[in-house]
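As structure tokens, the structure follows; a few thoughts come after it.
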Number of protein chains: 4
Amino acid sequence: MVAREIGIQSSAQSLLEQFRQVRARTLQIVAPLEIEDYVVQTAPFMSPPRWHMGHTTWFFEMLLKQFVPGYELYSEEYLYYFNSYYERFGTRIERDRRGTRSRPTVRETRAYREQVDDAMMKLLMDADDHSQGSEINSLTRLGLEHEMQHQELLVYDIKHLLCDQYAAPPRPIFRPTGFKSAMVEIDGGIFEMGYAGDDFAYDNEKPRHSVYLQDYAVDDAPVTNGDYLAFINDGGYQDHRLWFSDAWSLLHQEEWQAPMYWELEGGQWLIRDFHGLSFARDRAEEPVCHVSYYEASAYAKWAGKRLPTEAEWEKASALASPEEANFYENGLWGVSPVGSFPRGKSKYGCYQMLGDVWEWTMSDYAPYPGFKCEFDEYNDKFFVGQRVLRGGSYATPRSHIRPTYRNFFYPQERWVIAGFRCAKTL
Amino acid sequence: MVAREIGIQSSAQSLLEQFRQVRARTLQIVAPLEIEDYVVQTAPFMSPPRWHMGHTTWFFEMLLKQFVPGYELYSEEYLYYFNSYYERFGTRIERDRRGTRSRPTVRETRAYREQVDDAMMKLLMDADDHSQGSEINSLTRLGLEHEMQHQELLVYDIKHLLCDQYAAPPRPIFRPTGFKSAMVEIDGGIFEMGYAGDDFAYDNEKPRHSVYLQDYAVDDAPVTNGDYLAFINDGGYQDHRLWFSDAWSLLHQEEWQAPMYWELEGGQWLIRDFHGLSFARDRAEEPVCHVSYYEASAYAKWAGKRLPTEAEWEKASALASPEEANFYENGLWGVSPVGSFPRGKSKYGCYQMLGDVWEWTMSDYAPYPGFKCEFDEYNDKFFVGQRVLRGGSYATPRSHIRPTYRNFFYPQERWVIAGFRCAKTL
Amino acid sequence: MVAREIGIQSSAQSLLEQFRQVRARTLQIVAPLEIEDYVVQTAPFMSPPRWHMGHTTWFFEMLLKQFVPGYELYSEEYLYYFNSYYERFGTRIERDRRGTRSRPTVRETRAYREQVDDAMMKLLMDADDHSQGSEINSLTRLGLEHEMQHQELLVYDIKHLLCDQYAAPPRPIFRPTGFKSAMVEIDGGIFEMGYAGDDFAYDNEKPRHSVYLQDYAVDDAPVTNGDYLAFINDGGYQDHRLWFSDAWSLLHQEEWQAPMYWELEGGQWLIRDFHGLSFARDRAEEPVCHVSYYEASAYAKWAGKRLPTEAEWEKASALASPEEANFYENGLWGVSPVGSFPRGKSKYGCYQMLGDVWEWTMSDYAPYPGFKCEFDEYNDKFFVGQRVLRGGSYATPRSHIRPTYRNFFYPQERWVIAGFRCAKTL
Amino acid sequence: MVAREIGIQSSAQSLLEQFRQVRARTLQIVAPLEIEDYVVQTAPFMSPPRWHMGHTTWFFEMLLKQFVPGYELYSEEYLYYFNSYYERFGTRIERDRRGTRSRPTVRETRAYREQVDDAMMKLLMDADDHSQGSEINSLTRLGLEHEMQHQELLVYDIKHLLCDQYAAPPRPIFRPTGFKSAMVEIDGGIFEMGYAGDDFAYDNEKPRHSVYLQDYAVDDAPVTNGDYLAFINDGGYQDHRLWFSDAWSLLHQEEWQAPMYWELEGGQWLIRDFHGLSFARDRAEEPVCHVSYYEASAYAKWAGKRLPTEAEWEKASALASPEEANFYENGLWGVSPVGSFPRGKSKYGCYQMLGDVWEWTMSDYAPYPGFKCEFDEYNDKFFVGQRVLRGGSYATPRSHIRPTYRNFFYPQERWVIAGFRCAKTL
């Protein structure tokens, strides 16, 4: 594993503390699961919860192997089963076959976690005296960020597997906000985008660099279920003119008629989530969720708009407050209606840019000019065919994300907790 | 469910006893499993062990629904999940998606079994007073035979999932028998085949009817690992002349080089089974197992022979003793060497026709002349594209099988505990 | 190529004459085609007409290569393109890619035919003086039978490609025959089936051998469009109880609602054939055609019958007259109504057993007891998964067929000119 | 069909003349074909040449239908067969089944062209008097640009079908140029990109708008066969670190080892093209061709560079001369060595930016800010998943292209005449 300098200032002490917290959160997410739930894979894009537990541990074990002299591998079999896609660590089980194995068991996987945790904590405590201490710290931090990514994936996977069978906390009662969405206008010109701070950030957020923006307008809130219902009711899924050619094919092949997790019953659309089934029309103020890039784009075209680029999104998000946003730590296991966080709005008056739902942008996931790869096989091998999403979701740990954070998925993916807002060039 | 008269004489008492025994055996087979093992599906043709537990229960629940006035369905969801292929009971989960669900849990499935068992036992105790008592008894018996079929499938599935990770009893030590196989000659002429007794038998074994056989010879023992190794070493898997056209395509597509569960290491073939890995050459006297019909046919052609028809097989098996054969009750969880049951030989001198391995015949699975369907969707909807196997295996309950019993699988299937013996026309 | 003795007595003179005739007939079939028609492949199971022209020639070229010292291959490329499935002649183009090549052109393929014909005729004229003369004659005869098989396939393929765009002779006008079909009863007992004559027959028809038949009844005529319409109108394609499990899956996957080439328009079923489109109800007396084994079996079950075995069929066909039957030479390019050939009936009173449509039997395509392979890779590598059809069709050359002739296709195939009659055990 | 104002000043006279010329060129390209060549489809992405002839005609027929009162459709069947992907004109044959039809024949397709040409020329001559004359002229011009796109596709398809069997003019003899490639450095800052002229340009090239570039360097010539051989010989196709994750999967699945049309013989790489087979090492100075975006990106990473963005490419191409470039009109049917057009170099000293090979850029094919759709279903429905290529190839008509022209293909496509040059951020 190659790690170049990451400018983090956390002492061993705080990194250790962070290690404990992050590792504990994974266990907290899976705590309500039955043993059976841990091993099932519902779809090729999904992974069994136990796999996430093991894979995030495996990541740290590879680090131990690199830095602890004479470290002995816990198990060759685990190496094979818990590697995700890292070519340099050898062959591995195919992604869509992760659910064909019942062993290691959950108990064994927990034991694996514990042993690796012990070794890691020992390593971290001694890191300051280690000749490669700085690299150890950097890679540990990377491992924690990696684990937080998987915590979010765990939420997606558990939703796909169990949805309202998962013992989530009860849905909070939201009073209507009566929020009316509008577009805000933002001046163009040269904009500096990307990460330039000293804390942890992924290589794909760097370097900070200039881009030129035209004058543009952007929705001050995410598109809601109410908005999206109007699109559906207006025949949006039946009008080829709104869809990309690839999208139109897939829509027919998979018979899309609404976002994922929506169900039609007696002519009414219902949404199933962690809290059960409810009428979409009763949740009209909530951001629409589980739409693909294809659907977001079709909606935008229907609305006479387009999706924002990630530069436009990043500029519009300036000064948005992560503290006033719906992240994992809020414990909602669901979105909050638009207008719920009036104090979290950005400098330009945009609400809920952070938290609730990832927002699709029309930007291709590509390296920034001057990009330097800091982590092998982490980000750069995915620089083709995917779209950037921004802002995080209710399943994202707050401490994991930044306004410059670039998430990416294929344009057809709907299992992500993703929505969008629209923009237009002025 | 339609059941026509099955000529069984078992009193309610003994049927009840049989019910208890058969139901208990299913639980005995799964007892060594971890919870995780119950829910995983390793391949489209395999089912999770928990599914077998539920499906065999579902079968009895359908019976309760038919005969118990006001019977209330345990769960609509279970109906959907535990139905296998019965069209008349409505939609059901696709076979290859049985491993995508973690619920009902194992505990829930056990509770389902218990409740249905209680209701069934109550029904059986009162069956004599029931106006449809005879049909209840018949269908209960069918349900038990059905469950025994699934007990055998459970063994296949557990082998595919866990193989030597399953806590099977230790492998018995067999001393070399020194048995030398030969062919025995049998006169042709008219032969009466099929079931004509008064006990339970499937509709596909009836009616007993005349067929005309040419004079023929048949191996007095199953083909062994030693025999089969010679075929492999002679380039059998590389010689297109030995294979059916369909087989040759599949062989290349799936890269067959040996039976399933054989592994090549350092130029030596090893066999993995419930007891671990061992050299094929050290198990030369054991019947070869986990070969497809395609492979059995290629071997036979290589040996200048052919497979027997099921009529030839049935005639040759006359008077073979099921008591002197390796069935599930022997508790071996594996095959026994040829020559192990000298007193079990048939009237014509054929050994091990019963037990150890199912034997592929060259007969198409088709109805006998005069066939009458006794059970809807049980046997007759499979009368195309499959081959008959005879004799049972070490995973077959002894009480389940008869010499007229016809098992059937597709010619490419290898996960079955199946071997073969050869024949020729004189 | 291995040819064992075929007992034909045809002098070189008559074989030569036959050679000329058969080779000419292929050209006669393709004569109305446009150049474009020769190279197109409509489906994986279909071949471009030019391919048949070349492949039948290639067969003779392989014979020249074997028997003419110093024979030089016409073209390595032709060897690759025109081989069908013969493994021993090396790699070849995949079957479903035969339509991806425009070269050799039709003109070039004709030139190839001419050159090979010249060489063959020279070889045949001198065969009596050739040390291997008898084998040459045998294989030539095989080549001609092979070509006649491909002539029939050509008709299927041209139908699939062009149907009523092909310039077939006009449809003859049939007056209603008013024929009422019934079942005839035939005594069982030992029956000698298979070929035992001295003329050419395939190895798969031999040896003649005894089988035992139960008493049975068989339809005296093929099932008609009128009969089949009643099945369709009675919901036959919607009733799972009539179909094999494999058939029911395929029916849904391919959305079968009627035989191939039937089209639904305004609630009425129409049949498209070489003569255009016409109402099925106006052709109620014609044998139904282009049904799969699956459909034939479902119909039979609906009718309370079953399909005959090939032994039953063969016995029932005794003394049927090929001269009084609708074969290729009749020039009809279509079926004739039941009752059209009153003098062609068999000893047992069955009509139209020969010609018009191949008839599906319920028999698996398997070797007869005592089978000896006479031609490598010709018949025996297909002895799995297929069903026997008997009797020939309007596309079969009369001189090609015998009552013992065994044709075979997969049970799902519908592009064959195949129908059926029903039977039952008494 | 919706056409908004296209600022073309061509009088009816010159448009008519252009119409004649472009239509004639299509026939010139197919002139050397045999009839058989016109109807074959070699792969799903390829179309039969006759289809291009008909489709380009169909485009004009749709225009006639729109503007000629009472215009009668030539044939419903042609409408079905010759539509490519336009949803608004109804159902059409699936793209990958274009080779399953032999009709209409080539002769019929030519007759169709002639009739539509006559009607179009009449319409154009009278266009000035037509109330919608301006729109007619605009759409005619679009139709001609469309036809030129298909002329290029025709070359790709003919190459895939026939390669050196096509009667191309003989390969010209190039003397070694001894050209040594280097990188040129270009200052960043605000750059105006996109089309702003008055002549025809596609909507996707507009509007002209500002982008901000970092300082960068770019190769002054395309990467050559010689360069690419070094990459191959250095194990480029075996080193996962150079490839995108999606690329690495595809590379294994399709077993890529070199560009398309390269063949390995005796350890040497040969290139097959319209002129036959020759050693790659003997053509070391020619631009490499038939590489996918994946391969271009892997090469660039290997070389420590990256691909340019389309903005970088466009800026670098300033003042490059299309007259000094290898386009279709040069009649070469192949690439010319780097250094062949010294006077065609751009303002920044880059050679062969125009002609020879399309050049992959790292830019996603997406709308420019302020994009307005001018032609329904022409460009905008493809704004996802594809990469921009620039500069045209030896198969592009010179009059069809501009430096602002944006071509686009999926990143895995190799049948395009595409190469690349590299860049880096300074």
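In the structure tokens, each chain is lettered A, B, ... as it comes, each chain's residues begin at 1, and ligands are numbered from 1 in order of appearance.
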Q: List the neighbours of Arg241 (chain B) out to 10 Å using only C-alpha atoms; skip same-chain residues closer than 6 positions along the sequence, and give me the result as a list in words.
A: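 Residues near the query, excluding close chain neighbours: Trp248, Ala298, Lys301 and Trp302 of chain B; Glu87, Arg88, Asp376, Glu377, Asp380 and Lys381 of chain C.
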Sort by chain and increasing residue number a table of all residues of region 106-186 of chain D within 9 Å of region 45-64 of chain D, each with its closest pair of atoms and their distance in Å to one decimal, counting only C-alpha atoms, and write it as CSV.
```
residue,atom,partner,partner_atom,distance
D:Val106,CA,D:Arg50,CA,6.3
D:Thr109,CA,D:Gly54,CA,6.0
D:Arg110,CA,D:Met53,CA,7.9
D:Tyr112,CA,D:Gly54,CA,7.6
D:Arg113,CA,D:Thr57,CA,5.8
D:Val116,CA,D:Glu61,CA,6.3
D:Asp117,CA,D:Thr57,CA,8.0
D:Ala119,CA,D:Leu64,CA,7.6
D:Met120,CA,D:Leu64,CA,7.0
D:Leu123,CA,D:Leu64,CA,8.0
D:Ile136,CA,D:Leu63,CA,7.7
D:Leu139,CA,D:Leu63,CA,7.4
D:Thr140,CA,D:Phe60,CA,7.4
D:Gly143,CA,D:Phe60,CA,6.5
D:Leu144,CA,D:Thr56,CA,8.5
D:His146,CA,D:Thr56,CA,7.3
D:Glu147,CA,D:Thr56,CA,5.5
D:His150,CA,D:His52,CA,6.5
D:Gln151,CA,D:His52,CA,8.0
D:Leu153,CA,D:His52,CA,8.4
D:Leu154,CA,D:Pro49,CA,6.2
D:Tyr156,CA,D:Met46,CA,8.2
D:Asp157,CA,D:Met46,CA,5.8
D:Ile158,CA,D:Pro49,CA,7.3
D:His160,CA,D:Met46,CA,8.0
D:Leu161,CA,D:Pro48,CA,8.9
```
Could those residues be written to a file, using N, CA and C atoms, as a PDB file, in the first residue's frame?
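Listed below is the output, selection-v2.pdb:
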```
ATOM      1  N   VAL D 106     -30.533  -4.880 -52.797  1.00  0.00           N
ATOM      2  CA  VAL D 106     -29.685  -3.742 -53.158  1.00  0.00           C
ATOM      3  C   VAL D 106     -30.332  -2.978 -54.310  1.00  0.00           C
ATOM      4  N   THR D 109     -33.117  -0.992 -53.041  1.00  0.00           N
ATOM      5  CA  THR D 109     -32.651   0.132 -52.221  1.00  0.00           C
ATOM      6  C   THR D 109     -32.131   1.264 -53.102  1.00  0.00           C
ATOM      7  N   ARG D 110     -31.471   0.877 -54.175  1.00  0.00           N
ATOM      8  CA  ARG D 110     -31.009   1.897 -55.125  1.00  0.00           C
ATOM      9  C   ARG D 110     -32.196   2.614 -55.770  1.00  0.00           C
ATOM     10  N   TYR D 112     -35.030   3.068 -54.439  1.00  0.00           N
ATOM     11  CA  TYR D 112     -35.552   3.937 -53.389  1.00  0.00           C
ATOM     12  C   TYR D 112     -34.751   5.236 -53.328  1.00  0.00           C
ATOM     13  N   ARG D 113     -33.437   5.092 -53.348  1.00  0.00           N
ATOM     14  CA  ARG D 113     -32.567   6.281 -53.359  1.00  0.00           C
ATOM     15  C   ARG D 113     -32.901   7.184 -54.532  1.00  0.00           C
ATOM     16  N   VAL D 116     -36.255   9.029 -54.101  1.00  0.00           N
ATOM     17  CA  VAL D 116     -36.171  10.075 -53.075  1.00  0.00           C
ATOM     18  C   VAL D 116     -35.281  11.212 -53.545  1.00  0.00           C
ATOM     19  N   ASP D 117     -34.202  10.885 -54.236  1.00  0.00           N
ATOM     20  CA  ASP D 117     -33.315  11.936 -54.764  1.00  0.00           C
ATOM     21  C   ASP D 117     -34.076  12.853 -55.726  1.00  0.00           C
ATOM     22  N   ALA D 119     -37.266  13.449 -55.846  1.00  0.00           N
ATOM     23  CA  ALA D 119     -38.228  14.272 -55.114  1.00  0.00           C
ATOM     24  C   ALA D 119     -37.512  15.373 -54.324  1.00  0.00           C
ATOM     25  N   MET D 120     -36.375  15.028 -53.737  1.00  0.00           N
ATOM     26  CA  MET D 120     -35.625  16.014 -52.963  1.00  0.00           C
ATOM     27  C   MET D 120     -35.114  17.141 -53.861  1.00  0.00           C
ATOM     28  N   LEU D 123     -37.820  19.408 -54.638  1.00  0.00           N
ATOM     29  CA  LEU D 123     -38.142  20.226 -53.475  1.00  0.00           C
ATOM     30  C   LEU D 123     -37.123  21.349 -53.281  1.00  0.00           C
ATOM     31  N   ILE D 136     -36.506  23.908 -44.784  1.00  0.00           N
ATOM     32  CA  ILE D 136     -36.162  22.825 -45.724  1.00  0.00           C
ATOM     33  C   ILE D 136     -34.662  22.823 -45.992  1.00  0.00           C
ATOM     34  N   LEU D 139     -32.724  21.582 -42.893  1.00  0.00           N
ATOM     35  CA  LEU D 139     -32.811  20.137 -42.649  1.00  0.00           C
ATOM     36  C   LEU D 139     -32.121  19.349 -43.760  1.00  0.00           C
ATOM     37  N   THR D 140     -32.147  19.876 -44.962  1.00  0.00           N
ATOM     38  CA  THR D 140     -31.414  19.210 -46.045  1.00  0.00           C
ATOM     39  C   THR D 140     -29.922  19.209 -45.715  1.00  0.00           C
ATOM     40  N   GLY D 143     -29.313  16.704 -43.242  1.00  0.00           N
ATOM     41  CA  GLY D 143     -29.359  15.385 -43.873  1.00  0.00           C
ATOM     42  C   GLY D 143     -28.050  15.038 -44.561  1.00  0.00           C
ATOM     43  N   LEU D 144     -27.434  16.052 -45.147  1.00  0.00           N
ATOM     44  CA  LEU D 144     -26.161  15.797 -45.838  1.00  0.00           C
ATOM     45  C   LEU D 144     -25.039  15.561 -44.831  1.00  0.00           C
ATOM     46  N   HIS D 146     -25.507  14.345 -41.919  1.00  0.00           N
ATOM     47  CA  HIS D 146     -25.860  13.019 -41.426  1.00  0.00           C
ATOM     48  C   HIS D 146     -25.332  11.945 -42.375  1.00  0.00           C
ATOM     49  N   GLU D 147     -25.513  12.172 -43.658  1.00  0.00           N
ATOM     50  CA  GLU D 147     -25.046  11.176 -44.628  1.00  0.00           C
ATOM     51  C   GLU D 147     -23.526  11.070 -44.601  1.00  0.00           C
ATOM     52  N   HIS D 150     -22.528   8.866 -41.914  1.00  0.00           N
ATOM     53  CA  HIS D 150     -22.708   7.461 -42.278  1.00  0.00           C
ATOM     54  C   HIS D 150     -21.687   7.007 -43.319  1.00  0.00           C
ATOM     55  N   GLN D 151     -21.199   7.916 -44.112  1.00  0.00           N
ATOM     56  CA  GLN D 151     -20.131   7.524 -45.044  1.00  0.00           C
ATOM     57  C   GLN D 151     -18.911   7.044 -44.258  1.00  0.00           C
ATOM     58  N   LEU D 153     -19.014   5.801 -41.208  1.00  0.00           N
ATOM     59  CA  LEU D 153     -19.380   4.513 -40.601  1.00  0.00           C
ATOM     60  C   LEU D 153     -19.314   3.390 -41.633  1.00  0.00           C
ATOM     61  N   LEU D 154     -19.685   3.715 -42.853  1.00  0.00           N
ATOM     62  CA  LEU D 154     -19.588   2.733 -43.935  1.00  0.00           C
ATOM     63  C   LEU D 154     -18.151   2.221 -44.082  1.00  0.00           C
ATOM     64  N   TYR D 156     -15.907   2.109 -41.719  1.00  0.00           N
ATOM     65  CA  TYR D 156     -15.637   1.233 -40.575  1.00  0.00           C
ATOM     66  C   TYR D 156     -16.254  -0.153 -40.810  1.00  0.00           C
ATOM     67  N   ASP D 157     -17.480  -0.134 -41.278  1.00  0.00           N
ATOM     68  CA  ASP D 157     -18.212  -1.387 -41.421  1.00  0.00           C
ATOM     69  C   ASP D 157     -17.633  -2.247 -42.542  1.00  0.00           C
ATOM     70  N   ILE D 158     -17.262  -1.591 -43.620  1.00  0.00           N
ATOM     71  CA  ILE D 158     -16.652  -2.341 -44.723  1.00  0.00           C
ATOM     72  C   ILE D 158     -15.315  -2.911 -44.272  1.00  0.00           C
ATOM     73  N   HIS D 160     -14.594  -3.838 -41.251  1.00  0.00           N
ATOM     74  CA  HIS D 160     -14.871  -4.969 -40.361  1.00  0.00           C
ATOM     75  C   HIS D 160     -15.331  -6.182 -41.142  1.00  0.00           C
ATOM     76  N   LEU D 161     -16.025  -5.935 -42.223  1.00  0.00           N
ATOM     77  CA  LEU D 161     -16.564  -7.032 -43.032  1.00  0.00           C
ATOM     78  C   LEU D 161     -15.506  -7.626 -43.954  1.00  0.00           C
TER      79      LEU D 161
END
```
Q. Can you list every residue in region 259-349 of chain B that DSSP puts in alpha helix (DSSP H), as a ChimeraX atom specification?
A. /B:293-302,310-316
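Within 6 Å of chain C, and counting only C-alpha atoms, chain B contributes Val211, Tyr212, Phe244, Ser245, Gly370, Lys381, Phe382, Gly385 and Thr425 of chain B.
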Since we have the selection now, will you write its residues out, keeping N, CA and C atoms, as a PDB file, in the first residue's frame?
```pdb
ATOM      1  N   VAL B 211     -41.802 -55.539 -21.125  1.00  0.00           N
ATOM      2  CA  VAL B 211     -40.884 -54.984 -22.126  1.00  0.00           C
ATOM      3  C   VAL B 211     -40.076 -56.146 -22.673  1.00  0.00           C
ATOM      4  N   TYR B 212     -39.510 -55.946 -23.833  1.00  0.00           N
ATOM      5  CA  TYR B 212     -38.703 -57.006 -24.431  1.00  0.00           C
ATOM      6  C   TYR B 212     -37.239 -56.608 -24.353  1.00  0.00           C
ATOM      7  N   PHE B 244     -20.996 -36.815 -26.425  1.00  0.00           N
ATOM      8  CA  PHE B 244     -22.114 -36.261 -27.170  1.00  0.00           C
ATOM      9  C   PHE B 244     -21.751 -34.833 -27.586  1.00  0.00           C
ATOM     10  N   SER B 245     -22.369 -34.380 -28.631  1.00  0.00           N
ATOM     11  CA  SER B 245     -22.120 -33.028 -29.112  1.00  0.00           C
ATOM     12  C   SER B 245     -22.435 -31.993 -28.026  1.00  0.00           C
ATOM     13  N   GLY B 370     -49.566 -46.796 -20.165  1.00  0.00           N
ATOM     14  CA  GLY B 370     -50.677 -46.947 -19.235  1.00  0.00           C
ATOM     15  C   GLY B 370     -50.543 -46.101 -17.989  1.00  0.00           C
ATOM     16  N   LYS B 381     -44.927 -33.618 -14.892  1.00  0.00           N
ATOM     17  CA  LYS B 381     -44.503 -32.417 -15.603  1.00  0.00           C
ATOM     18  C   LYS B 381     -42.994 -32.390 -15.880  1.00  0.00           C
ATOM     19  N   PHE B 382     -42.322 -33.449 -15.457  1.00  0.00           N
ATOM     20  CA  PHE B 382     -40.884 -33.526 -15.702  1.00  0.00           C
ATOM     21  C   PHE B 382     -40.514 -34.579 -16.752  1.00  0.00           C
ATOM     22  N   GLY B 385     -36.527 -34.495 -21.235  1.00  0.00           N
ATOM     23  CA  GLY B 385     -35.170 -33.966 -21.124  1.00  0.00           C
ATOM     24  C   GLY B 385     -34.324 -34.531 -20.004  1.00  0.00           C
ATOM     25  N   THR B 425     -25.051 -54.995 -25.255  1.00  0.00           N
ATOM     26  CA  THR B 425     -25.959 -55.962 -25.878  1.00  0.00           C
ATOM     27  C   THR B 425     -25.127 -57.134 -26.372  1.00  0.00           C
TER      28      THR B 425
END
```
(Q) Please list as a list of chain:residue names every residue within 8 Å of Leu307 (chain C), counting only C-alpha atoms and excluding residues in the same chain fewer than 3 positions away. (A) C:Ala296, C:Ser297, C:Ala300, C:Trp360, C:Thr361, C:Met362, C:Phe420, C:Arg421, C:Cys422, C:Ala423, C:Lys424
Pick out the residues sitting within 8 Å of region 124-127 of chain C, and hand them over as an mmCIF file with N, CA and C atoms, in the first residue's frame; count only C-alpha atoms, and ignore anything fewer than 2 positions along from it in its own chain.
```
data_model
loop_
_atom_site.group_PDB
_atom_site.id
_atom_site.type_symbol
_atom_site.label_atom_id
_atom_site.label_comp_id
_atom_site.auth_asym_id
_atom_site.auth_seq_id
_atom_site.Cartn_x
_atom_site.Cartn_y
_atom_site.Cartn_z
ATOM 1 N N ALA C 12 -22.133 -48.045 -60.796
ATOM 2 C CA ALA C 12 -21.552 -46.699 -60.921
ATOM 3 C C ALA C 12 -22.492 -45.847 -61.769
ATOM 4 N N GLN C 13 -22.993 -46.432 -62.797
ATOM 5 C CA GLN C 13 -23.894 -45.716 -63.698
ATOM 6 C C GLN C 13 -25.033 -45.031 -62.926
ATOM 7 N N LEU C 15 -25.435 -44.583 -59.695
ATOM 8 C CA LEU C 15 -25.008 -43.681 -58.630
ATOM 9 C C LEU C 15 -24.655 -42.325 -59.221
ATOM 10 N N LEU C 16 -23.983 -42.386 -60.362
ATOM 11 C CA LEU C 16 -23.614 -41.169 -61.070
ATOM 12 C C LEU C 16 -24.864 -40.371 -61.425
ATOM 13 N N MET C 120 -15.752 -35.322 -58.582
ATOM 14 C CA MET C 120 -16.532 -36.432 -58.044
ATOM 15 C C MET C 120 -16.997 -37.351 -59.171
ATOM 16 N N MET C 121 -17.461 -36.754 -60.241
ATOM 17 C CA MET C 121 -17.969 -37.594 -61.327
ATOM 18 C C MET C 121 -16.852 -38.413 -61.956
ATOM 19 N N LYS C 122 -15.713 -37.804 -62.056
ATOM 20 C CA LYS C 122 -14.553 -38.544 -62.541
ATOM 21 C C LYS C 122 -14.241 -39.709 -61.592
ATOM 22 N N ASP C 129 -12.777 -49.450 -60.656
ATOM 23 C CA ASP C 129 -11.384 -49.888 -60.763
ATOM 24 C C ASP C 129 -10.545 -49.465 -59.560
ATOM 25 N N HIS C 130 -11.173 -48.769 -58.683
ATOM 26 C CA HIS C 130 -10.447 -48.220 -57.522
ATOM 27 C C HIS C 130 -10.415 -49.291 -56.430
ATOM 28 N N GLN C 132 -10.521 -48.967 -53.414
ATOM 29 C CA GLN C 132 -11.495 -48.658 -52.352
ATOM 30 C C GLN C 132 -12.854 -48.300 -52.951
ATOM 31 N N GLY C 133 -13.107 -48.853 -54.121
ATOM 32 C CA GLY C 133 -14.310 -48.478 -54.866
ATOM 33 C C GLY C 133 -15.581 -48.615 -54.048
ATOM 34 N N SER C 134 -15.655 -49.673 -53.292
ATOM 35 C CA SER C 134 -16.881 -49.908 -52.531
ATOM 36 C C SER C 134 -17.079 -48.842 -51.471
ATOM 37 N N ILE C 136 -15.860 -45.799 -51.605
ATOM 38 C CA ILE C 136 -16.175 -44.561 -52.327
ATOM 39 C C ILE C 136 -17.670 -44.502 -52.628
ATOM 40 N N ASN C 137 -18.168 -45.606 -53.148
ATOM 41 C CA ASN C 137 -19.599 -45.622 -53.476
ATOM 42 C C ASN C 137 -20.456 -45.420 -52.231
#
```
Q.
I'd like the neighbourhood of region 225-237 of chain A as a PyMOL selection string, where a residue qualifies if any of its atoms comes within 7 Å (using only C-alpha atoms), though same-chain residues fewer than 4 positions away should be ignored.
A. chain A and resi 257+280-281+283-288+299
Q.
From a backbone DSSP assignment, name each residue in region 176-310 of chain B labelled strand (DSSP E), as JSON, numbers by chain.
A. {"B": [183, 184, 185, 186, 189, 190, 191, 192, 193, 209, 210, 211, 212, 213, 216, 217, 218, 219, 262, 263, 264, 265, 268, 269, 270, 271, 272, 273, 276, 277, 278, 279]}
Q. Which residues come within 6 Å of region 318-326 of chain C, counting only C-alpha atoms, excluding same-chain residues fewer than 5 positions away, as a list of chain:residue names?
A.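 Returned residues: C:Phe341, C:Gly344, C:Lys345, C:Ser346, C:Lys347, C:Leu354, C:Gly355, C:Asp356, C:Tyr394.
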